[in-house]
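Reviewing the structure listed below.
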Amino acid sequence: MAFSAAALAAAGVSGGGRAEEVGAVKPKVEDGMAWYDVREWGVEGRGWSDTERYFDRFPRKAKGVVRDSVWSLSRHSAGMCSRFETDATAIWARYELLSKSLAMPHMPATGVSGLDLYARDKQGRWRWLGFVSPTAAKLKVRLAEGIEPGRREYLLYLPLYNGVESLEIGVAPQASFKPLPPRTRPIVFYGTSITHGGCASRPGMAYPAIVGRRLDRPVINLGFSGNGTMDPEVGALMAELDAAVYVIDCLPNMGADAVAKRTEPLVRQLRAARPKTPIVLVEDRTFTNASLIPGHRQHHAASRAALRAAYERLKAAGVEGLTYVEGEHLLGDDGEAAVDASHPTDLGMFRMADALEPILRPLL
């Protein structure tokens, strides 16, 4: 093969806007199938190569530096995907998960622990093709069969709320297969459980993934459920990434005092390391029952006022490249786009992508 997995993964940290070329990857032929290990050409959405486990989101050095809860959540493969081309008419996967806990009470196993397959059509659009509904921590499953003949590009998303120990893609031995390595200069999202992917029905429906497909850009998902709190330790790690844009979506996990205390230091931390990289500050989505719960409305008003004030102070101090996104309408106005008033359904994720896409597109 032409490139090592470590070299290709490192390309996600710095470099130009295009992926490198990859030579042939030799498959393992078993059970009448050719199996390709995605680690051989690199996984997109993985920002560091020196990780404790291959599919971790943070480097080994972050252990004991970031809070323990953040480190534990960084073992989830949220935002990662594998890209390849094939003319196979059936595509399989075999993979092993880190945790045997496959689902959550408010989020199905398909989103927590499943795989999600997209194909690019002749017009260049990404079309959903197949998924995995996991029933065990170690699986060999058919993602899709009876696919219309022809060579095309595929995108396979990894689980949102579980870790991955290994992942192979299987096709017929006679089928062509070309690995596509990670693209560089990603959109980097830092946020809460919502950014992490809760409660998308499948990995490709998390709003960072939707935005990535629409803008045809790589994405790094640094959403940490219940722990998106603008930590300076996370900011220091983010500053290492050669991002096209930083999107900060932490308010759902923060009160007004924390927002007032941490917003400016985080922005200045990123700006010191990346003087030209756009930074987008996103208000919290509105609880879908806020019209009936005065406490929710008061919480939104306070945290948003704190974020707006920090943004205005930064602008007045001459900090450039900042964009502000209001949160009132991120989930729409009908109250129908969340599972539990807070975490978006697929509809809510789609609406968040609708709101962010036109803001991010001119910044790229």
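Note on naming: chains are A, B, ... as they come in the structure tokens, residues start from 1 per chain, ligands start from 1 in the order shown.
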
- Message: as a VMD selection string, please: every residue in segment 148-292 of chain A that DSSP puts in helix (DSSP H, G or I).
- Response: chain A and resid 193 to 196 203 to 205 207 to 215 232 to 238 251 to 253 256 to 273

- Which neighbours of His106 of chain A fall inside 12 Å, counting only C-alpha atoms, when residues of the same chain fewer than 3 positions from it are skipped, and could you give them as a list in words?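 Contacts, with the query itself left out: Ala103, Ala109, Thr110, Gly111, Val112, Gly198, Cys199, Ala200, Ser201, Ala338, Val339, Asp340, Ala341, Ser342, His343, Pro344 and Thr345 of chain A.
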
Keeping only C-alpha atoms, write the selected residues as a PDB file, in the first residue's frame.
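Result went into part-v3.pdb, see below:
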```pdb
ATOM      1  CA  ALA A 103     -28.817   1.719  22.794  1.00  0.00           C
ATOM      2  CA  ALA A 109     -29.195   1.219  18.659  1.00  0.00           C
ATOM      3  CA  THR A 110     -29.074   2.259  15.007  1.00  0.00           C
ATOM      4  CA  GLY A 111     -27.797   5.694  16.072  1.00  0.00           C
ATOM      5  CA  VAL A 112     -25.862   4.748  19.198  1.00  0.00           C
ATOM      6  CA  GLY A 198     -28.215  12.702  20.346  1.00  0.00           C
ATOM      7  CA  CYS A 199     -30.796  11.645  19.365  1.00  0.00           C
ATOM      8  CA  ALA A 200     -30.294  10.924  15.652  1.00  0.00           C
ATOM      9  CA  SER A 201     -31.793   7.641  14.473  1.00  0.00           C
ATOM     10  CA  ALA A 338     -37.038  16.948  19.761  1.00  0.00           C
ATOM     11  CA  VAL A 339     -37.358  13.668  21.626  1.00  0.00           C
ATOM     12  CA  ASP A 340     -37.453  15.146  25.131  1.00  0.00           C
ATOM     13  CA  ALA A 341     -37.724  18.903  24.515  1.00  0.00           C
ATOM     14  CA  SER A 342     -33.926  19.062  24.274  1.00  0.00           C
ATOM     15  CA  HIS A 343     -32.382  16.428  22.002  1.00  0.00           C
ATOM     16  CA  PRO A 344     -33.310  16.711  18.320  1.00  0.00           C
ATOM     17  CA  THR A 345     -35.001  13.985  16.359  1.00  0.00           C
TER      18      THR A 345
END
```

- Query: What is the distance between atom CA of Leu158 of chain A and atom CA of Ala90 of chain A, in Å to one decimal?
  - Reply: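 Distance between the two atoms: 18.8 Å.
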
- Query: Using the chain letters and numbers from this document, which residues of segment 22-229 of chain A does DSSP assign to strand (DSSP E), as a VMD selection string?
  - Reply: chain A and resid 28 to 30 33 to 37 81 to 86 91 to 97 116 to 120 126 to 131 138 to 144 152 to 157 164 to 171 177 to 180 187 to 191 219 to 223

- Message: If we count only C-alpha atoms and set the cut-off at 7 Å, which residues sit around Val325 of chain A, ignoring sequence neighbours fewer than 3 positions away in its own chain? Please answer as JSON, numbers by chain.
- Response: {"A": [281, 282, 283]}

Quick one: contact table of segment 92-189 of chain A to segment 67-80 of chain A, 9 Å max, nearest atom pair and distance in Å to one decimal per residue, counting only C-alpha atoms, chain and number order, as JSON lines?
```
{"residue": "A:Leu98", "atom": "CA", "partner": "A:His76", "partner_atom": "CA", "distance": 8.5}
{"residue": "A:Leu156", "atom": "CA", "partner": "A:Met80", "partner_atom": "CA", "distance": 8.6}
{"residue": "A:Tyr157", "atom": "CA", "partner": "A:Met80", "partner_atom": "CA", "distance": 6.0}
{"residue": "A:Leu158", "atom": "CA", "partner": "A:Met80", "partner_atom": "CA", "distance": 5.6}
{"residue": "A:Pro159", "atom": "CA", "partner": "A:Ser77", "partner_atom": "CA", "distance": 5.8}
{"residue": "A:Leu160", "atom": "CA", "partner": "A:Ala78", "partner_atom": "CA", "distance": 4.1}
{"residue": "A:Tyr161", "atom": "CA", "partner": "A:His76", "partner_atom": "CA", "distance": 5.5}
{"residue": "A:Asn162", "atom": "CA", "partner": "A:His76", "partner_atom": "CA", "distance": 4.8}
{"residue": "A:Gly163", "atom": "CA", "partner": "A:His76", "partner_atom": "CA", "distance": 4.2}
{"residue": "A:Val164", "atom": "CA", "partner": "A:Ser77", "partner_atom": "CA", "distance": 6.6}
```

- Note on the structure: Using only C-alpha atoms, the residue out of A:Met107, A:Ala353, A:Ile169, A:Ala260 with shortest distance to Glu312 of chain A is A:Ala260

Compile the contact shell of segment 172-189 of chain A as an mmCIF file with N, CA and C atoms, in the first residue's frame: residues with an atom at most 6 Å away, counting only C-alpha atoms, same-chain residues fewer than 2 positions apart removed.
```
data_model
loop_
_atom_site.group_PDB
_atom_site.id
_atom_site.type_symbol
_atom_site.label_atom_id
_atom_site.label_comp_id
_atom_site.auth_asym_id
_atom_site.auth_seq_id
_atom_site.Cartn_x
_atom_site.Cartn_y
_atom_site.Cartn_z
ATOM 1 N N GLY A 12 -4.967 14.644 8.526
ATOM 2 C CA GLY A 12 -6.160 15.348 8.959
ATOM 3 C C GLY A 12 -5.861 16.510 9.888
ATOM 4 N N GLY A 17 -6.393 21.235 1.025
ATOM 5 C CA GLY A 17 -7.808 20.926 1.043
ATOM 6 C C GLY A 17 -8.182 19.624 0.382
ATOM 7 N N ARG A 18 -7.224 18.951 -0.275
ATOM 8 C CA ARG A 18 -7.552 17.726 -1.010
ATOM 9 C C ARG A 18 -6.943 16.516 -0.327
ATOM 10 N N ALA A 19 -7.595 15.385 -0.512
ATOM 11 C CA ALA A 19 -7.048 14.145 0.018
ATOM 12 C C ALA A 19 -5.876 13.688 -0.840
ATOM 13 N N MET A 33 -15.513 -13.624 0.610
ATOM 14 C CA MET A 33 -15.584 -12.165 0.554
ATOM 15 C C MET A 33 -14.179 -11.584 0.638
ATOM 16 N N ALA A 34 -14.002 -10.397 0.033
ATOM 17 C CA ALA A 34 -12.767 -9.630 0.197
ATOM 18 C C ALA A 34 -13.020 -8.566 1.253
ATOM 19 N N TRP A 41 -6.230 2.794 5.218
ATOM 20 C CA TRP A 41 -6.146 4.040 4.446
ATOM 21 C C TRP A 41 -6.615 5.268 5.226
ATOM 22 N N GLY A 42 -7.066 5.072 6.450
ATOM 23 C CA GLY A 42 -7.403 6.208 7.297
ATOM 24 C C GLY A 42 -8.882 6.493 7.349
ATOM 25 N N VAL A 43 -9.325 6.976 8.488
ATOM 26 C CA VAL A 43 -10.730 7.270 8.743
ATOM 27 C C VAL A 43 -10.904 8.773 8.854
ATOM 28 N N GLU A 44 -11.838 9.317 8.079
ATOM 29 C CA GLU A 44 -12.101 10.750 8.132
ATOM 30 C C GLU A 44 -12.823 11.098 9.430
ATOM 31 N N ARG A 83 -14.378 6.395 3.515
ATOM 32 C CA ARG A 83 -14.729 6.705 2.133
ATOM 33 C C ARG A 83 -14.036 5.721 1.196
ATOM 34 N N PHE A 84 -14.786 5.272 0.178
ATOM 35 C CA PHE A 84 -14.226 4.311 -0.772
ATOM 36 C C PHE A 84 -15.044 4.324 -2.056
ATOM 37 N N GLU A 85 -14.477 3.745 -3.097
ATOM 38 C CA GLU A 85 -15.179 3.550 -4.367
ATOM 39 C C GLU A 85 -15.212 2.057 -4.668
ATOM 40 N N THR A 86 -16.334 1.585 -5.203
ATOM 41 C CA THR A 86 -16.448 0.191 -5.603
ATOM 42 C C THR A 86 -17.552 0.045 -6.636
ATOM 43 N N ASP A 87 -17.475 -1.044 -7.393
ATOM 44 C CA ASP A 87 -18.563 -1.380 -8.310
ATOM 45 C C ASP A 87 -19.347 -2.590 -7.802
ATOM 46 N N ALA A 88 -19.151 -2.908 -6.531
ATOM 47 C CA ALA A 88 -19.838 -4.059 -5.937
ATOM 48 C C ALA A 88 -21.349 -3.843 -5.921
ATOM 49 N N PRO A 218 -14.924 17.592 4.942
ATOM 50 C CA PRO A 218 -14.711 16.723 6.105
ATOM 51 C C PRO A 218 -15.146 17.421 7.377
ATOM 52 N N VAL A 219 -15.522 16.620 8.366
ATOM 53 C CA VAL A 219 -16.028 17.130 9.637
ATOM 54 C C VAL A 219 -15.315 16.398 10.774
ATOM 55 N N ILE A 220 -14.949 17.129 11.813
ATOM 56 C CA ILE A 220 -14.493 16.526 13.064
ATOM 57 C C ILE A 220 -15.517 16.878 14.131
ATOM 58 N N ASN A 221 -16.072 15.850 14.761
ATOM 59 C CA ASN A 221 -17.130 16.019 15.755
ATOM 60 C C ASN A 221 -16.522 15.915 17.151
ATOM 61 N N LEU A 222 -16.464 17.051 17.848
ATOM 62 C CA LEU A 222 -16.023 17.089 19.234
ATOM 63 C C LEU A 222 -17.205 17.447 20.130
ATOM 64 N N ASP A 242 -5.903 21.977 11.980
ATOM 65 C CA ASP A 242 -5.941 22.953 10.881
ATOM 66 C C ASP A 242 -7.356 22.975 10.324
ATOM 67 N N ALA A 243 -8.240 23.652 11.050
ATOM 68 C CA ALA A 243 -9.661 23.660 10.706
ATOM 69 C C ALA A 243 -9.955 24.683 9.628
ATOM 70 N N ALA A 244 -10.973 24.387 8.815
ATOM 71 C CA ALA A 244 -11.500 25.385 7.885
ATOM 72 C C ALA A 244 -12.388 26.368 8.627
ATOM 73 N N VAL A 245 -13.145 25.859 9.617
ATOM 74 C CA VAL A 245 -14.024 26.663 10.464
ATOM 75 C C VAL A 245 -14.122 25.964 11.815
ATOM 76 N N TYR A 246 -14.179 26.760 12.887
ATOM 77 C CA TYR A 246 -14.531 26.240 14.202
ATOM 78 C C TYR A 246 -15.980 26.631 14.500
ATOM 79 N N VAL A 247 -16.798 25.645 14.898
ATOM 80 C CA VAL A 247 -18.180 25.902 15.294
ATOM 81 C C VAL A 247 -18.306 25.563 16.773
#
```
